[in-house]
>>> print(open('run.tsv').read())   # TSV, C-alpha atoms
chain	number	residue	atom	x	y	z
A	1	MET	CA	21.73	-6.64	-11.12
A	2	SER	CA	23.37	-10.05	-11.32
A	3	LYS	CA	21.49	-13.28	-10.80
A	4	ALA	CA	23.20	-13.77	-7.44
A	5	ASP	CA	22.35	-10.25	-6.34
A	6	ARG	CA	18.73	-10.77	-7.33
A	7	ARG	CA	18.54	-13.83	-5.12
A	8	THR	CA	20.20	-11.96	-2.27
A	9	PHE	CA	17.79	-9.06	-2.48
A	10	LEU	CA	14.91	-11.53	-2.75
A	11	SER	CA	12.13	-10.17	-4.85
A	12	GLY	CA	13.69	-6.99	-5.97
A	13	ALA	CA	13.91	-4.97	-2.86
A	14	ALA	CA	12.27	-7.16	-0.49
A	15	VAL	CA	13.29	-7.17	3.03
A	16	ALA	CA	15.27	-4.82	4.90
A	17	GLY	CA	16.17	-1.59	5.84
A	18	VAL	CA	17.99	-2.88	8.85
A	19	ALA	CA	21.27	-4.63	9.48
A	20	ALA	CA	21.60	-7.12	12.28
A	21	GLY	CA	24.37	-5.40	14.20
A	22	VAL	CA	22.31	-2.99	16.29
A	23	THR	CA	18.99	-4.76	16.64
A	24	THR	CA	20.68	-7.81	18.06
A	25	SER	CA	22.19	-5.69	20.82
A	26	ALA	CA	20.65	-6.63	24.14
A	27	THR	CA	21.10	-3.10	25.41
A	28	ARG	CA	19.21	-1.55	22.50
A	29	VAL	CA	16.33	-4.02	22.79
A	30	ALA	CA	16.22	-3.58	26.56
A	31	ALA	CA	16.09	0.17	26.12
A	32	ALA	CA	13.13	-0.19	23.80
A	33	GLU	CA	11.36	-2.52	26.19
A	34	ASN	CA	11.65	0.08	28.94
A	35	THR	CA	10.47	3.03	26.87
A	36	SER	CA	7.30	4.39	28.42
A	37	GLY	CA	6.40	7.00	25.82
A	38	PRO	CA	6.70	7.46	22.08
A	39	GLY	CA	10.34	7.68	21.15
A	40	LEU	CA	12.62	7.29	18.18
A	41	ILE	CA	16.25	6.37	17.80
A	42	ASP	CA	18.76	7.30	15.18
A	43	ASP	CA	18.27	4.57	12.61
A	44	THR	CA	21.81	3.55	11.85
A	45	LEU	CA	20.25	0.32	10.64
A	46	MET	CA	19.12	1.80	7.34
A	47	ARG	CA	21.02	1.43	4.10
A	48	SER	CA	22.57	4.75	3.11
A	49	ASP	CA	20.85	4.79	-0.27
A	50	VAL	CA	17.51	4.47	1.47
A	51	THR	CA	17.99	7.12	4.13
A	52	ALA	CA	19.40	9.57	1.61
A	53	GLN	CA	16.01	10.00	-0.04
A	54	LYS	CA	14.05	10.29	3.22
A	55	GLY	CA	13.20	13.24	5.37
A	56	THR	CA	12.59	15.76	2.60
A	57	GLY	CA	8.87	16.06	3.30
A	58	GLY	CA	8.87	15.95	7.07
A	59	GLU	CA	8.20	12.22	7.20
A	60	PRO	CA	9.83	10.07	9.90
A	61	THR	CA	13.43	8.98	9.28
A	62	THR	CA	13.91	6.66	12.25
A	63	VAL	CA	12.18	3.50	13.42
A	64	PRO	CA	9.93	3.67	16.51
A	65	THR	CA	11.07	2.53	19.95
A	66	ALA	CA	7.94	3.03	22.06
A	67	VAL	CA	6.62	0.06	24.03
A	68	GLN	CA	3.10	0.94	25.11
A	69	LYS	CA	-0.49	-0.23	25.14
A	70	ILE	CA	-2.45	0.82	22.08
A	71	ASP	CA	-6.17	0.99	21.39
A	72	VAL	CA	-7.26	-1.23	18.53
A	73	VAL	CA	-10.82	-0.89	17.29
A	74	ASN	CA	-10.35	-1.87	13.67
A	75	LEU	CA	-7.24	-3.56	12.26
A	76	ARG	CA	-7.56	-1.59	9.01
A	77	GLU	CA	-7.12	1.70	10.88
A	78	LEU	CA	-3.66	0.68	12.04
A	79	GLU	CA	-2.14	1.23	8.62
A	80	SER	CA	-2.72	4.98	8.53
A	81	ARG	CA	-1.60	5.34	12.14
A	82	ALA	CA	1.60	3.41	11.52
A	83	GLN	CA	2.34	5.36	8.34
A	84	LYS	CA	2.89	8.47	10.47
A	85	ILE	CA	5.77	6.92	12.41
A	86	ILE	CA	7.47	4.45	10.05
A	87	PRO	CA	10.05	5.76	7.54
A	88	ILE	CA	8.48	5.91	4.08
A	89	GLY	CA	10.65	3.25	2.44
A	90	ASN	CA	9.98	0.84	5.28
A	91	PHE	CA	6.27	1.61	5.31
A	92	ASP	CA	5.89	1.09	1.57
A	93	TYR	CA	7.76	-2.19	1.82
A	94	ILE	CA	5.24	-3.41	4.41
A	95	ALA	CA	2.10	-1.91	2.88
A	96	GLY	CA	2.81	-2.42	-0.81
A	97	GLY	CA	2.28	-5.22	-3.27
A	98	ALA	CA	3.30	-6.26	-6.77
A	99	GLY	CA	2.29	-4.60	-10.01
A	100	ASP	CA	-1.08	-2.82	-9.86
A	101	GLU	CA	-1.62	-4.33	-6.39
A	102	TRP	CA	-4.88	-5.88	-7.58
A	103	THR	CA	-4.24	-9.18	-5.85
A	104	MET	CA	-3.32	-7.40	-2.64
A	105	ARG	CA	-6.68	-5.59	-2.65
A	106	GLU	CA	-8.53	-8.69	-3.81
A	107	ASN	CA	-7.25	-10.61	-0.78
A	108	GLU	CA	-9.43	-8.42	1.43
A	109	ALA	CA	-12.33	-7.99	-1.01
A	110	ALA	CA	-12.82	-11.75	-1.43
A	111	TYR	CA	-13.91	-12.16	2.17
A	112	LYS	CA	-16.83	-9.77	1.67
A	113	ARG	CA	-18.34	-11.98	-1.03
A	114	VAL	CA	-19.10	-14.70	1.52
A	115	GLN	CA	-21.65	-14.05	4.25
A	116	ILE	CA	-22.21	-15.62	7.64
A	117	ALA	CA	-25.50	-17.32	8.50
A	118	PRO	CA	-26.32	-16.35	12.10
A	119	ARG	CA	-27.98	-18.86	14.40
A	120	PHE	CA	-29.71	-18.00	17.65
A	121	LEU	CA	-31.46	-19.76	20.54
A	122	THR	CA	-28.71	-22.37	20.70
A	123	GLY	CA	-28.26	-22.29	24.46
A	124	HIS	CA	-24.52	-21.82	24.02
A	125	GLY	CA	-22.58	-19.48	26.26
A	126	LYS	CA	-19.15	-18.05	25.56
A	127	PRO	CA	-17.49	-20.12	22.83
A	128	ASP	CA	-14.18	-21.91	23.16
A	129	THR	CA	-11.80	-20.38	20.59
A	130	SER	CA	-8.79	-22.54	21.46
A	131	ALA	CA	-7.19	-24.78	18.89
A	132	THR	CA	-4.23	-27.09	18.46
A	133	LEU	CA	-1.88	-26.43	15.55
A	134	MET	CA	1.36	-28.30	14.85
A	135	GLY	CA	1.00	-29.87	18.27
A	136	ALA	CA	0.78	-26.52	20.08
A	137	LYS	CA	-2.25	-25.30	22.02
A	138	LEU	CA	-3.26	-21.80	20.87
A	139	SER	CA	-5.78	-19.30	22.17
A	140	MET	CA	-7.26	-19.27	18.66
A	141	PRO	CA	-6.26	-20.75	15.30
A	142	VAL	CA	-4.21	-17.75	14.18
A	143	ILE	CA	-0.49	-17.36	13.46
A	144	ALA	CA	1.85	-14.45	12.89
A	145	SER	CA	2.96	-15.12	9.32
A	146	ALA	CA	6.53	-14.66	8.15
A	147	VAL	CA	7.70	-11.11	7.45
A	148	GLY	CA	11.29	-10.29	6.58
A	149	GLY	CA	13.04	-7.88	8.91
A	150	HIS	CA	10.65	-6.78	11.67
A	151	GLY	CA	13.22	-4.15	12.57
A	152	ILE	CA	11.91	-1.96	9.77
A	153	ALA	CA	8.88	-1.31	11.99
A	154	HIS	CA	10.36	-1.23	15.52
A	155	VAL	CA	13.74	-1.44	17.16
A	156	SER	CA	12.75	-4.58	19.10
A	157	ALA	CA	12.29	-6.36	15.76
A	158	GLU	CA	11.39	-10.08	15.83
A	159	MET	CA	11.96	-10.36	19.55
A	160	GLY	CA	9.17	-7.84	20.07
A	161	THR	CA	6.85	-9.82	17.82
A	162	ALA	CA	7.71	-13.05	19.62
A	163	LYS	CA	6.84	-11.54	22.99
A	164	GLY	CA	3.58	-10.02	21.75
A	165	ALA	CA	2.42	-13.17	19.98
A	166	ALA	CA	3.13	-15.26	23.06
A	167	ALA	CA	1.24	-12.83	25.28
A	168	SER	CA	-1.83	-13.32	23.09
A	169	GLY	CA	-1.42	-17.09	22.86
A	170	VAL	CA	-0.80	-17.37	19.13
A	171	MET	CA	2.02	-18.94	17.12
A	172	MET	CA	4.83	-16.90	15.59
A	173	THR	CA	6.53	-17.76	12.32
A	174	VAL	CA	10.24	-17.02	12.68
A	175	PRO	CA	11.53	-15.79	9.29
A	176	THR	CA	14.75	-16.82	7.62
A	177	LEU	CA	15.39	-13.16	6.81
A	178	SER	CA	15.39	-11.66	10.28
A	179	ASN	CA	17.27	-8.87	11.99
A	180	GLN	CA	17.96	-11.07	14.99
A	181	THR	CA	19.12	-14.67	14.99
A	182	MET	CA	16.60	-17.45	15.31
A	183	GLU	CA	18.20	-18.32	18.64
A	184	GLU	CA	17.57	-14.82	19.98
A	185	ILE	CA	14.00	-14.86	18.72
A	186	ALA	CA	13.35	-18.29	20.25
A	187	ALA	CA	14.66	-17.08	23.61
A	188	ALA	CA	12.52	-13.93	23.57
A	189	SER	CA	9.38	-15.81	24.64
A	190	ASP	CA	8.16	-19.27	25.51
A	191	GLY	CA	5.33	-19.07	23.00
A	192	PRO	CA	4.96	-21.60	20.17
A	193	LYS	CA	6.98	-20.92	17.02
A	194	CYS	CA	7.49	-22.41	13.59
A	195	PHE	CA	10.28	-21.54	11.16
A	196	GLN	CA	9.88	-20.12	7.65
A	197	VAL	CA	12.49	-21.33	5.18
A	198	TYR	CA	13.96	-19.53	2.22
A	199	PHE	CA	16.18	-22.24	0.78
A	200	PRO	CA	19.78	-20.98	0.41
A	201	ALA	CA	21.57	-21.63	-2.86
A	202	ASP	CA	24.56	-22.75	-0.80
A	203	LYS	CA	23.76	-26.28	0.40
A	204	GLY	CA	26.00	-25.87	3.44
A	205	ALA	CA	24.16	-22.71	4.47
A	206	ALA	CA	20.85	-24.51	3.96
A	207	ARG	CA	21.98	-27.39	6.15
A	208	ASP	CA	23.15	-24.97	8.83
A	209	ILE	CA	19.88	-23.04	9.21
A	210	LEU	CA	17.84	-26.25	9.14
A	211	GLN	CA	19.97	-27.90	11.81
A	212	ARG	CA	19.66	-24.80	13.96
A	213	ALA	CA	15.88	-24.85	13.51
A	214	LYS	CA	15.87	-28.49	14.55
A	215	ALA	CA	17.92	-27.73	17.67
A	216	LEU	CA	15.45	-25.04	18.67
A	217	LYS	CA	12.57	-27.51	18.31
A	218	PHE	CA	10.38	-25.30	16.17
A	219	ALA	CA	6.96	-26.79	15.50
A	220	ALA	CA	7.44	-27.02	11.72
A	221	ALA	CA	9.50	-25.85	8.78
A	222	ILE	CA	7.41	-23.76	6.38
A	223	VAL	CA	9.16	-23.55	3.00
A	224	THR	CA	8.26	-20.52	0.92
A	225	VAL	CA	8.01	-21.67	-2.71
A	226	ASP	CA	6.76	-18.54	-4.50
A	227	ALA	CA	9.54	-15.99	-3.97
A	228	PHE	CA	12.45	-17.35	-6.00
A	229	VAL	CA	12.43	-14.52	-8.57
A	230	ALA	CA	12.19	-10.75	-8.28
A	231	SER	CA	8.69	-9.30	-8.47
A	232	ASN	CA	7.70	-5.84	-9.63
A	233	ARG	CA	7.09	-4.14	-6.31
A	234	GLU	CA	6.85	-0.67	-7.73
A	235	ARG	CA	6.72	1.20	-4.44
A	236	ASN	CA	10.12	-0.26	-3.58
A	237	MET	CA	11.46	0.69	-6.99
A	238	ARG	CA	10.36	4.30	-6.60
A	239	ASN	CA	11.94	4.45	-3.15
A	240	HIS	CA	15.17	2.79	-4.37
A	241	TYR	CA	14.59	0.40	-1.51
A	242	ARG	CA	16.97	-2.52	-1.31
A	243	GLY	CA	19.00	-4.69	1.00
A	244	GLY	CA	18.08	-7.44	3.42
A	245	PRO	CA	18.43	-8.47	7.05
A	246	VAL	CA	20.91	-11.31	7.47
A	247	GLY	CA	20.67	-12.06	11.18
A	248	ASN	CA	20.62	-15.79	10.49
A	249	PHE	CA	23.65	-15.75	8.21
A	250	PRO	CA	27.11	-15.29	9.77
A	251	ASP	CA	28.36	-14.89	6.20
A	252	PRO	CA	25.97	-12.47	4.43
A	253	LYS	CA	27.23	-13.67	1.05
A	254	LYS	CA	25.41	-16.94	1.73
A	255	ALA	CA	22.06	-15.17	2.06
A	256	ALA	CA	21.32	-15.91	-1.60
A	257	PHE	CA	18.43	-18.19	-2.36
A	258	LYS	CA	17.89	-21.08	-4.72
A	259	GLU	CA	15.87	-20.21	-7.81
A	260	ASP	CA	15.40	-23.73	-9.16
A	261	LEU	CA	13.63	-25.26	-6.18
A	262	ASN	CA	12.36	-28.79	-6.67
A	263	TRP	CA	10.92	-31.67	-4.69
A	264	ASP	CA	14.39	-32.96	-3.80
A	265	ASP	CA	14.93	-29.70	-1.90
A	266	ILE	CA	11.70	-30.25	0.04
A	267	ALA	CA	12.90	-33.76	0.94
A	268	PHE	CA	16.22	-32.23	2.05
A	269	VAL	CA	14.39	-29.85	4.39
A	270	ARG	CA	12.48	-32.72	5.94
A	271	GLU	CA	15.57	-34.93	6.26
A	272	VAL	CA	17.88	-32.33	7.78
A	273	SER	CA	15.42	-30.50	10.02
A	274	GLY	CA	13.48	-33.53	11.16
A	275	LEU	CA	10.46	-31.22	11.36
A	276	PRO	CA	7.05	-31.48	9.72
A	277	VAL	CA	7.31	-29.63	6.41
A	278	TYR	CA	4.73	-27.16	5.12
A	279	LEU	CA	4.74	-25.37	1.77
A	280	LYS	CA	3.86	-21.67	1.68
A	281	GLY	CA	2.63	-20.22	-1.60
A	282	VAL	CA	0.35	-22.98	-2.86
A	283	LEU	CA	-2.67	-21.68	-4.82
A	284	THR	CA	-3.95	-24.63	-6.86
A	285	PRO	CA	-5.57	-27.98	-6.03
A	286	ALA	CA	-3.14	-29.69	-8.40
A	287	MET	CA	-0.09	-28.51	-6.48
A	288	ALA	CA	-1.80	-29.36	-3.19
A	289	LYS	CA	-2.28	-32.94	-4.36
A	290	GLU	CA	1.32	-33.09	-5.55
A	291	ALA	CA	2.52	-31.87	-2.16
A	292	MET	CA	0.41	-34.49	-0.43
A	293	ALA	CA	1.94	-37.18	-2.64
A	294	HIS	CA	5.41	-36.01	-1.57
A	295	GLY	CA	4.59	-36.36	2.11
A	296	VAL	CA	4.21	-32.67	2.92
A	297	ALA	CA	2.44	-32.21	6.26
A	298	GLY	CA	0.58	-29.02	5.47
A	299	LEU	CA	0.11	-26.01	3.25
A	300	GLN	CA	0.03	-22.29	3.76
A	301	ILE	CA	-2.34	-21.15	1.03
A	302	SER	CA	-0.86	-17.81	0.12
A	303	ASN	CA	-0.10	-15.37	-2.69
A	304	HIS	CA	2.60	-13.71	-0.59
A	305	GLY	CA	0.22	-10.96	0.44
A	306	GLY	CA	-0.16	-9.92	-3.19
A	307	ARG	CA	3.56	-9.18	-3.29
A	308	GLN	CA	4.83	-11.64	-5.90
A	309	LEU	CA	2.64	-12.26	-8.96
A	310	ASP	CA	-0.19	-9.78	-9.42
A	311	ASP	CA	-3.48	-10.96	-10.98
A	312	VAL	CA	-3.49	-14.32	-9.20
A	313	PRO	CA	-6.63	-15.06	-7.17
A	314	ALA	CA	-7.10	-14.22	-3.54
A	315	SER	CA	-5.92	-16.99	-1.27
A	316	PHE	CA	-9.39	-17.13	0.30
A	317	THR	CA	-10.93	-17.66	-3.15
A	318	VAL	CA	-8.94	-20.84	-3.81
A	319	LEU	CA	-9.24	-22.20	-0.27
A	320	PRO	CA	-12.43	-24.28	-0.76
A	321	ALA	CA	-11.09	-26.09	-3.84
A	322	ILE	CA	-7.80	-26.89	-2.13
A	323	ALA	CA	-9.61	-28.07	0.99
A	324	ASP	CA	-11.74	-30.38	-1.15
A	325	ALA	CA	-8.64	-31.65	-2.97
A	326	VAL	CA	-6.78	-32.70	0.18
A	327	GLY	CA	-9.86	-34.05	1.94
A	328	GLY	CA	-8.70	-33.31	5.46
A	329	LYS	CA	-5.41	-35.17	5.02
A	330	MET	CA	-3.23	-32.05	5.35
A	331	THR	CA	-3.21	-29.10	7.70
A	332	LEU	CA	-4.23	-25.93	5.89
A	333	ILE	CA	-3.29	-22.38	6.85
A	334	VAL	CA	-4.54	-19.47	4.75
A	335	ASP	CA	-3.18	-15.94	4.80
A	336	GLY	CA	-3.78	-12.69	2.94
A	337	GLY	CA	-6.45	-10.08	3.61
A	338	VAL	CA	-7.53	-11.19	7.09
A	339	ARG	CA	-8.59	-8.06	8.98
A	340	ARG	CA	-11.57	-9.21	11.03
A	341	GLY	CA	-12.58	-12.00	13.34
A	342	GLN	CA	-15.33	-12.63	10.80
A	343	ASP	CA	-12.62	-13.32	8.21
A	344	VAL	CA	-11.07	-15.91	10.51
A	345	PHE	CA	-14.48	-17.53	10.95
A	346	LYS	CA	-15.13	-17.65	7.20
A	347	ALA	CA	-11.73	-19.18	6.45
A	348	LEU	CA	-12.22	-21.87	9.07
A	349	ALA	CA	-15.69	-22.60	7.72
A	350	LEU	CA	-14.29	-23.15	4.23
A	351	GLY	CA	-11.68	-25.65	5.34
A	352	ALA	CA	-8.71	-23.85	6.87
A	353	ASN	CA	-7.27	-25.14	10.12
A	354	ALA	CA	-5.77	-21.73	10.89
A	355	VAL	CA	-5.20	-18.31	9.37
A	356	GLY	CA	-2.14	-16.08	9.21
A	357	ILE	CA	-1.83	-12.31	9.41
A	358	ALA	CA	1.20	-10.13	8.76
A	359	ARG	CA	0.72	-6.44	7.96
A	360	PRO	CA	-1.60	-5.76	10.94
A	361	PHE	CA	0.83	-7.07	13.54
A	362	MET	CA	3.70	-5.19	11.89
A	363	TYR	CA	1.70	-1.98	12.31
A	364	GLY	CA	0.95	-2.93	15.90
A	365	LEU	CA	4.65	-3.54	16.47
A	366	ALA	CA	5.45	-0.06	15.15
A	367	LEU	CA	2.82	1.60	17.31
A	368	GLY	CA	3.51	-0.16	20.59
A	369	GLY	CA	6.26	-2.76	20.39
A	370	TRP	CA	5.28	-6.11	21.82
A	371	MET	CA	2.25	-4.56	23.51
A	372	GLY	CA	1.03	-3.39	20.12
A	373	VAL	CA	1.43	-6.87	18.67
A	374	GLN	CA	-0.54	-8.32	21.56
A	375	ALA	CA	-3.28	-5.73	21.11
A	376	VAL	CA	-3.70	-6.66	17.44
A	377	PHE	CA	-4.14	-10.35	18.15
A	378	ASP	CA	-6.34	-9.67	21.18
A	379	ARG	CA	-8.67	-7.58	19.03
A	380	LEU	CA	-8.90	-10.37	16.48
A	381	HIS	CA	-9.71	-12.78	19.31
A	382	THR	CA	-12.47	-10.51	20.61
A	383	GLU	CA	-14.06	-10.34	17.15
A	384	LEU	CA	-13.78	-14.10	16.57
A	385	THR	CA	-15.43	-14.77	19.93
A	386	MET	CA	-18.29	-12.37	19.08
A	387	THR	CA	-18.74	-13.92	15.63
A	388	MET	CA	-18.85	-17.46	16.96
A	389	GLU	CA	-21.39	-16.51	19.59
A	390	LEU	CA	-23.70	-14.77	17.10
A	391	ALA	CA	-23.32	-17.63	14.64
A	392	GLY	CA	-24.36	-20.12	17.30
A	393	VAL	CA	-21.06	-22.00	17.32
A	394	SER	CA	-19.61	-23.23	20.60
A	395	ASN	CA	-16.11	-24.24	19.51
A	396	ILE	CA	-13.72	-24.18	16.56
A	397	ALA	CA	-14.73	-27.65	15.39
A	398	GLY	CA	-18.29	-26.40	15.03
A	399	ILE	CA	-17.35	-23.86	12.37
A	400	THR	CA	-18.37	-25.54	9.10
A	401	ARG	CA	-19.66	-24.53	5.68
A	402	ASP	CA	-23.18	-24.75	7.08
A	403	ALA	CA	-22.43	-21.50	8.94
A	404	LEU	CA	-22.11	-19.56	5.67
A	405	TYR	CA	-24.25	-18.17	2.90
A	406	ARG	CA	-22.64	-17.99	-0.53
A	407	ALA	CA	-23.35	-14.92	-2.64
>>> encode(input="run.tsv", output="structure tokens")
Amino acid sequence: MSKADRRTFLSGAAVAGVAAGVTTSATRVAAAENTSGPGLIDDTLMRSDVTAQKGTGGEPTTVPTAVQKIDVVNLRELESRAQKIIPIGNFDYIAGGAGDEWTMRENEAAYKRVQIAPRFLTGHGKPDTSATLMGAKLSMPVIASAVGGHGIAHVSAEMGTAKGAAASGVMMTVPTLSNQTMEEIAAASDGPKCFQVYFPADKGAARDILQRAKALKFAAAIVTVDAFVASNRERNMRNHYRGGPVGNFPDPKKAAFKEDLNWDDIAFVREVSGLPVYLKGVLTPAMAKEAMAHGVAGLQISNHGGRQLDDVPASFTVLPAIADAVGGKMTLIVDGGVRRGQDVFKALALGANAVGIARPFMYGLALGGWMGVQAVFDRLHTELTMTMELAGVSNIAGITRDALYRA
């Protein structure tokens, strides 16, 4: 694979499975929105080399179309349910990580090493979970993190996610690598949205997507800094899974990304977009301080869901040190491994302003379209509310390190 091809495929076999042509069709999306029962469509969106190795074991070969309410008791249970209806290559792309997938598992495990200190007889009633992030009022400090190509999970793709996130009152991150254009995604709901940036190698293409993001008045530009080389996502390799959604690129050849990112590129994003700039992929206090010195507004503390470099620490593990390093002078979002309202609580207590989730809402999207996405976030909200009440905390500002034990 050439250097240019590696950038285009972004991390080996990163995003895809679907081409923009069908998922951007208003008639196809409308048909999915009106589906009352479980249904599937012929997935002409798949790359031929992916579909050719599917279907031999009775597994699904088409993406779901159903838009329906789903029961969510435990976010972890969604993975096995979604696996039954998502084509295997698509599912493994969503569910898998890099290398031995240690970091992916560690993202969840790290939360269990920190315990909550309950507090009773406070006189508090139902807590206020609302928060303001990037100037937007949210039902809780949670965002839908960037995922490339939501159409691998459901025909409604990013527009479905946008509608579901808005219905639950949380912010959506619109990805650079999407099946639908950012304009279509922005129009799908009136909920708050920020824009995730993969910096194109072509400066003209970079300027174009940033100017479009500015015109849509997204809340921020979140630049992913940790995905400039191919990672060893072995599930994708075994499935011969490749390709990428290029909904935001009229010329697909320009969907190749810059490998030698530097601080001048971050300044370019800020200058052209006019938006507050966040960096996604920061894992060390040293880089956090460097970002602060360069005028970055915030950080998304992230190891890419354990999908880039295996054997790096869980994002939750490094959160306290980064929070101490920036001293409240930057907005901090942490993602990776959040599956419970208790996880949200713990992250906020250790210095995060918000948390991001990705895999759970993708499974919800597969199972119920926008209604499934809403159900995932609503369940997280229910658990956060319960946790705050049992911890004796009346609002988000009251969640501090004093609310935790440390093992």
>>> residues_near_point(input="run.tsv", point="(-6.8, -6.2, 17.6)", cutoff="10 Å", atoms="only C-alpha atoms", output="list of chain:residue names")
A:Ile70, A:Asp71, A:Val72, A:Val73, A:Asn74, A:Leu75, A:Arg76, A:Leu78, A:Arg339, A:Arg340, A:Gly341, A:Pro360, A:Phe361, A:Gly364, A:Gly372, A:Val373, A:Gln374, A:Ala375, A:Val376, A:Phe377, A:Asp378, A:Arg379, A:Leu380, A:His381, A:Thr382, A:Glu383
>>> write_last_selection(input="run.tsv", atoms="C-alpha atoms", output="PDB file, in the frame of the given file")
ATOM      1  CA  ILE A  70      -2.450   0.820  22.080  1.00  0.00           C
ATOM      2  CA  ASP A  71      -6.170   0.990  21.390  1.00  0.00           C
ATOM      3  CA  VAL A  72      -7.260  -1.230  18.530  1.00  0.00           C
ATOM      4  CA  VAL A  73     -10.820  -0.890  17.290  1.00  0.00           C
ATOM      5  CA  ASN A  74     -10.350  -1.870  13.670  1.00  0.00           C
ATOM      6  CA  LEU A  75      -7.240  -3.560  12.260  1.00  0.00           C
ATOM      7  CA  ARG A  76      -7.560  -1.590   9.010  1.00  0.00           C
ATOM      8  CA  LEU A  78      -3.660   0.680  12.040  1.00  0.00           C
ATOM      9  CA  ARG A 339      -8.590  -8.060   8.980  1.00  0.00           C
ATOM     10  CA  ARG A 340     -11.570  -9.210  11.030  1.00  0.00           C
ATOM     11  CA  GLY A 341     -12.580 -12.000  13.340  1.00  0.00           C
ATOM     12  CA  PRO A 360      -1.600  -5.760  10.940  1.00  0.00           C
ATOM     13  CA  PHE A 361       0.830  -7.070  13.540  1.00  0.00           C
ATOM     14  CA  GLY A 364       0.950  -2.930  15.900  1.00  0.00           C
ATOM     15  CA  GLY A 372       1.030  -3.390  20.120  1.00  0.00           C
ATOM     16  CA  VAL A 373       1.430  -6.870  18.670  1.00  0.00           C
ATOM     17  CA  GLN A 374      -0.540  -8.320  21.560  1.00  0.00           C
ATOM     18  CA  ALA A 375      -3.280  -5.730  21.110  1.00  0.00           C
ATOM     19  CA  VAL A 376      -3.700  -6.660  17.440  1.00  0.00           C
ATOM     20  CA  PHE A 377      -4.140 -10.350  18.150  1.00  0.00           C
ATOM     21  CA  ASP A 378      -6.340  -9.670  21.180  1.00  0.00           C
ATOM     22  CA  ARG A 379      -8.670  -7.580  19.030  1.00  0.00           C
ATOM     23  CA  LEU A 380      -8.900 -10.370  16.480  1.00  0.00           C
ATOM     24  CA  HIS A 381      -9.710 -12.780  19.310  1.00  0.00           C
ATOM     25  CA  THR A 382     -12.470 -10.510  20.610  1.00  0.00           C
ATOM     26  CA  GLU A 383     -14.060 -10.340  17.150  1.00  0.00           C
TER      27      GLU A 383
END
>>> atom_distance(input="run.tsv", atom1="CA of Gly274 in chain A", atom2="CA of Met134 in chain A")
13.7 Å
>>> atom_distance(input="run.tsv", atom1="CA of Glu158 in chain A", atom2="CA of Ala213 in chain A")
15.6 Å
>>> atom_distance(input="run.tsv", atom1="CA of Ala165 in chain A", atom2="CA of Leu365 in chain A")
10.5 Å
>>> closest_residue(input="run.tsv", among="A:His154, A:Gly247, A:Phe257, A:Val225", to="Ala291 in chain A", atoms="only C-alpha atoms")
A:Val225
>>> closest_residue(input="run.tsv", among="A:Gly398, A:Pro175, A:Pro141, A:Pro250", to="Ala157 in chain A", atoms="all atoms listed in the file")
A:Pro175
>>> decode(input="run.tsv", residues="range 349-357 of chain A", atoms="N, CA, C and O atoms", output="compact mmCIF listing (two decimals), in the first residue's frame")
# COMPACT_ATOMS: atom_id res chain seq x y z
N ALA A 349 -15.57 13.62 38.63
CA ALA A 349 -14.94 13.83 39.94
C ALA A 349 -13.43 14.01 39.82
O ALA A 349 -12.82 14.72 40.62
N LEU A 350 -12.83 13.38 38.82
CA LEU A 350 -11.38 13.46 38.66
C LEU A 350 -10.93 14.56 37.70
O LEU A 350 -9.77 14.61 37.31
N GLY A 351 -11.85 15.44 37.33
CA GLY A 351 -11.44 16.63 36.61
C GLY A 351 -11.97 16.82 35.21
O GLY A 351 -11.70 17.85 34.58
N ALA A 352 -12.72 15.86 34.69
CA ALA A 352 -13.29 16.04 33.35
C ALA A 352 -14.47 16.99 33.41
O ALA A 352 -15.22 17.02 34.39
N ASN A 353 -14.65 17.76 32.35
CA ASN A 353 -15.84 18.59 32.21
C ASN A 353 -16.97 17.84 31.51
O ASN A 353 -18.14 18.21 31.63
N ALA A 354 -16.60 16.80 30.77
CA ALA A 354 -17.59 15.99 30.06
C ALA A 354 -16.93 14.67 29.67
O ALA A 354 -15.71 14.54 29.71
N VAL A 355 -17.76 13.70 29.30
CA VAL A 355 -17.23 12.43 28.81
C VAL A 355 -17.83 12.15 27.44
O VAL A 355 -18.89 12.66 27.08
N GLY A 356 -17.12 11.30 26.67
CA GLY A 356 -17.61 10.90 25.36
C GLY A 356 -17.81 9.40 25.30
O GLY A 356 -17.07 8.64 25.93
N ILE A 357 -18.83 8.96 24.57
CA ILE A 357 -19.00 7.54 24.30
C ILE A 357 -19.13 7.36 22.79
O ILE A 357 -19.50 8.28 22.07
